[in-house]
Amino acid sequence: MATSPSPPSANAPPILRLPDEILLKILKYACTSTETIRPELWLPGSSQFGQYYKCITLNTRQTFRFPARVNGRLPEALTAIDLLFTCRAFNNIVDVESLFYRYNNFEFSNTLCILDYLKALPTRRRKAIRNISVMWDFYHPDSGFLALSTCSGLCNLTVDITHLAAFFEIPLNSDIHVAPGYSQLVALRGLKSLTLIYSSGSTSAWENTTWDLVVTVLERVRGLPATDQNKLDMQLEITGIETMITDLVRLPQPADYLPSAAGLAQAFSHSTVVDGDYLLTLPRTLSVPPQASLQPH
């Protein structure tokens with residue numbers, strides 16, 4: 001465990017005089033949010049991220065993002081960020097042990113968000129991430145799933161396949177293997193679990209309609225009635241695909257697991273944020289950025 005360069009003095013706050021193991025456990029709980037972490041790029045091209053919250057939408061359909069800090073405080077989900085600036089001892093533990101990345105669940109609304117966030121993270125922090133959820137979309141799924149291979153500590157991956165209805169045309173013989181990003185997804189290794197999720201009737205915020213992957217596949221793609229039996233068969237079909245992919249991604253990571261440097265460079269070229277490893281070479285600043293940063297440096 002990372003600790004202060006010298007033992008705390010007798011005048012140090014009581015919490016800093018606790019045994020290392022106890023202090024680490026306290027900070028672990030403080031850095032672990034009950035909310036899912038949803039990184040939102042604060043400004044295009046920047047490397048600062050905030051916690052995503054729904055915007056306030058007026059009748060004019062103008063949207064306003066909630067401020068990152070309210071009364072000087074970050075959202076509770078980002079407690080770890082403020083802990084970094086509390087004192088050097090906390091910084092040494094929270095940052096070096098990568099507590100924020102190791103113990104939280106990260107969710108991304110599309111694969112471009114994954115590219116932005118992982119590119120902005122130094123390699124050490126990417127490797128610390130354990131849990132990720134992502135929407136399988138058509139932005140850059142091949143590059144997004146390839147970038148996930150840099151998260152060598154990734155244990156649990158949840159993939160939302162709601163947008164893949166077109167790849168389920170033939171019953172029991174889906175074309176999901178030709179969906180963009182499939183080969184990169186099944187090439188992941190060393191995971192403990194992979195879960196496929198999908199929408200089952202949520203209402204759109206803009207239209208008075210509902211979206212249900214199973215019903216969409218049955219009625220619009222296959223031209224079948226959405227009977228209870230057909231729905232059950234479709235759900236079992238998705239479960240079979242999930243099992244097949246899970247068997248592959250749970251295989252051990254080989255020695256040459258990481259893709260080539262050129263391949264990763266090509267994948268991350270879709271993102272305009274500054275590379276996190278490069279940021280570490282810059283002089284550290286003592287000022288706290290006005291916005292929340294899920295990638296403190």
# chains A, B, ... in the order shown; residues from 1 in each chain; ligands from 1
>>> residues_around(residues="Asp212 (chain A)", least_positions_apart="3", cutoff="9 Å", atoms="only C-alpha atoms", output="number ranges by chain")
A: 162, 198-202, 215-217
>>> select_by_dssp(residues="region 9-181 of chain A", states="strand (DSSP E)", output="JSON, numbers by chain")
{"A": [39, 40, 41, 49, 50, 51, 56, 57, 63, 64, 105, 106, 107, 108, 131, 132, 133, 134, 135, 156, 157, 158, 159, 160]}
>>> write_last_selection(atoms="N, CA and C atoms", output="compact mmCIF listing (two decimals), in the first residue's frame")
# COMPACT_ATOMS: atom_id res chain seq x y z
N PRO A 39 -18.97 8.76 -16.95
CA PRO A 39 -18.09 9.86 -17.35
C PRO A 39 -18.65 10.64 -18.54
N GLU A 40 -18.66 11.96 -18.39
CA GLU A 40 -19.12 12.85 -19.46
C GLU A 40 -18.00 13.82 -19.79
N LEU A 41 -17.57 13.82 -21.03
CA LEU A 41 -16.52 14.75 -21.46
C LEU A 41 -17.03 16.17 -21.30
N PHE A 49 -13.49 15.23 -17.28
CA PHE A 49 -14.77 14.55 -17.32
C PHE A 49 -15.57 14.86 -16.06
N GLY A 50 -16.86 14.93 -16.22
CA GLY A 50 -17.75 15.10 -15.08
C GLY A 50 -18.67 13.90 -14.97
N GLN A 51 -19.40 13.83 -13.88
CA GLN A 51 -20.39 12.78 -13.71
C GLN A 51 -21.65 13.18 -14.46
N ILE A 56 -31.54 19.54 -17.72
CA ILE A 56 -32.84 20.18 -17.58
C ILE A 56 -33.26 20.66 -18.96
N THR A 57 -34.42 20.24 -19.41
CA THR A 57 -34.88 20.61 -20.75
C THR A 57 -36.09 21.52 -20.63
N THR A 63 -31.19 22.61 -23.66
CA THR A 63 -30.72 21.77 -22.57
C THR A 63 -29.62 22.47 -21.81
N PHE A 64 -29.63 22.26 -20.52
CA PHE A 64 -28.64 22.86 -19.65
C PHE A 64 -28.03 21.77 -18.78
N ASN A 105 -18.27 1.07 -10.63
CA ASN A 105 -18.84 0.57 -11.88
C ASN A 105 -18.96 1.72 -12.86
N PHE A 106 -18.39 1.56 -14.05
CA PHE A 106 -18.39 2.61 -15.06
C PHE A 106 -19.37 2.26 -16.17
N GLU A 107 -20.13 3.26 -16.60
CA GLU A 107 -21.12 3.04 -17.65
C GLU A 107 -20.92 4.07 -18.76
N PHE A 108 -21.00 3.61 -20.02
CA PHE A 108 -20.80 4.48 -21.17
C PHE A 108 -21.99 4.34 -22.12
N ASN A 131 -15.06 -2.98 -13.66
CA ASN A 131 -16.46 -3.17 -14.08
C ASN A 131 -16.87 -2.08 -15.07
N ILE A 132 -17.35 -2.51 -16.24
CA ILE A 132 -17.75 -1.57 -17.29
C ILE A 132 -19.07 -2.03 -17.91
N SER A 133 -19.94 -1.05 -18.19
CA SER A 133 -21.16 -1.28 -18.97
C SER A 133 -21.10 -0.35 -20.18
N VAL A 134 -21.52 -0.85 -21.35
CA VAL A 134 -21.44 -0.02 -22.55
C VAL A 134 -22.56 -0.40 -23.51
N MET A 135 -23.03 0.61 -24.25
CA MET A 135 -24.01 0.39 -25.30
C MET A 135 -23.27 -0.04 -26.57
N ASN A 156 -15.76 -7.67 -15.14
CA ASN A 156 -17.18 -7.80 -15.48
C ASN A 156 -17.56 -6.78 -16.54
N LEU A 157 -18.08 -7.27 -17.65
CA LEU A 157 -18.47 -6.41 -18.77
C LEU A 157 -19.94 -6.63 -19.08
N THR A 158 -20.69 -5.54 -19.13
CA THR A 158 -22.10 -5.58 -19.51
C THR A 158 -22.27 -4.84 -20.82
N VAL A 159 -22.89 -5.48 -21.81
CA VAL A 159 -23.04 -4.90 -23.14
C VAL A 159 -24.52 -4.80 -23.47
N ASP A 160 -24.97 -3.61 -23.81
CA ASP A 160 -26.36 -3.38 -24.18
C ASP A 160 -26.51 -3.57 -25.69
>>> select_by_dssp(residues="region 38-202 of chain A", states="alpha helix (DSSP H)", output="ChimeraX atom specification")
/A:79-84,88-96,99-103,111-120,123-128,141-148,182-186
>>> atom_distance(atom1="CA of Ala30 (chain A)", atom2="CA of Thr123 (chain A)")
23.4 Å
>>> residues_around(residues="Glu242 (chain A)", least_positions_apart="3", cutoff="7 Å", atoms="only C-alpha atoms", output="list in words")
Thr195, Leu196, Ile238, Thr239, Ile245 and Thr246 of chain A
>>> residues_around(residues="Leu112 (chain A)", least_positions_apart="4", cutoff="7 Å", atoms="only C-alpha atoms", output="list of chain:residue names")
A:Asp116, A:Tyr139, A:His140, A:Gly144
>>> write_last_selection(atoms="all heavy atoms", output="compact mmCIF listing (two decimals), in the first residue's frame")
# COMPACT_ATOMS: atom_id res chain seq x y z
N ASP A 116 -12.96 8.03 -25.60
CA ASP A 116 -12.55 9.29 -24.97
C ASP A 116 -12.00 9.05 -23.57
O ASP A 116 -10.93 9.55 -23.21
CB ASP A 116 -13.75 10.25 -24.90
CG ASP A 116 -14.07 10.90 -26.23
OD1 ASP A 116 -13.17 10.96 -27.10
OD2 ASP A 116 -15.22 11.35 -26.40
N TYR A 139 -21.16 3.85 -33.55
CA TYR A 139 -20.17 4.93 -33.65
C TYR A 139 -18.83 4.32 -34.05
O TYR A 139 -18.43 4.39 -35.20
CB TYR A 139 -20.06 5.68 -32.32
CG TYR A 139 -21.20 6.64 -32.07
CD1 TYR A 139 -22.27 6.29 -31.26
CD2 TYR A 139 -21.21 7.90 -32.65
CE1 TYR A 139 -23.32 7.17 -31.03
CE2 TYR A 139 -22.25 8.79 -32.43
CZ TYR A 139 -23.31 8.42 -31.62
OH TYR A 139 -24.35 9.28 -31.40
N HIS A 140 -18.15 3.72 -33.09
CA HIS A 140 -16.88 3.06 -33.37
C HIS A 140 -16.78 1.81 -32.50
O HIS A 140 -15.86 1.69 -31.67
CB HIS A 140 -15.70 4.00 -33.08
CG HIS A 140 -15.72 5.26 -33.89
ND1 HIS A 140 -15.45 5.27 -35.25
CD2 HIS A 140 -15.99 6.54 -33.55
CE1 HIS A 140 -15.54 6.51 -35.70
NE2 HIS A 140 -15.87 7.30 -34.69
N GLY A 144 -13.85 0.80 -30.01
CA GLY A 144 -14.21 0.84 -28.59
C GLY A 144 -13.93 -0.47 -27.88
O GLY A 144 -13.35 -0.49 -26.79
>>> residues_around(residues="Leu164 (chain A)", least_positions_apart="5", cutoff="8 Å", atoms="only C-alpha atoms", output="list in words")
Trp136, Asp137, Ile176 and Ala179 of chain A
>>> write_last_selection(atoms="N, CA, C and O atoms", output="compact mmCIF listing (two decimals), in the first residue's frame")
# COMPACT_ATOMS: atom_id res chain seq x y z
N TRP A 136 -23.67 -1.15 -27.17
CA TRP A 136 -23.11 -1.60 -28.44
C TRP A 136 -23.82 -0.82 -29.54
O TRP A 136 -24.97 -1.08 -29.88
N ASP A 137 -23.14 0.18 -30.07
CA ASP A 137 -23.76 1.07 -31.04
C ASP A 137 -23.00 1.02 -32.36
O ASP A 137 -22.25 0.08 -32.62
N ILE A 176 -25.23 -11.84 -35.62
CA ILE A 176 -24.53 -10.94 -34.71
C ILE A 176 -23.02 -11.02 -34.90
O ILE A 176 -22.29 -10.08 -34.61
N ALA A 179 -21.84 -8.19 -36.92
CA ALA A 179 -22.08 -6.84 -36.40
C ALA A 179 -20.74 -6.14 -36.16
O ALA A 179 -19.77 -6.77 -35.72
>>> closest_residue(among="A:Cys113, A:Leu99, A:Ala80, A:Met234", to="Thr272 (chain A)", atoms="only C-alpha atoms")
A:Cys113
>>> residues_around(residues="Asp142 (chain A)", least_positions_apart="6", cutoff="8 Å", atoms="only C-alpha atoms", output="list of chain:residue names")
A:Pro180, A:Gly181, A:Tyr182, A:Ser183, A:Gln184, A:Leu185, A:Ala267
>>> atom_distance(atom1="CA of Trp211 (chain A)", atom2="CA of Leu224 (chain A)")
16.7 Å
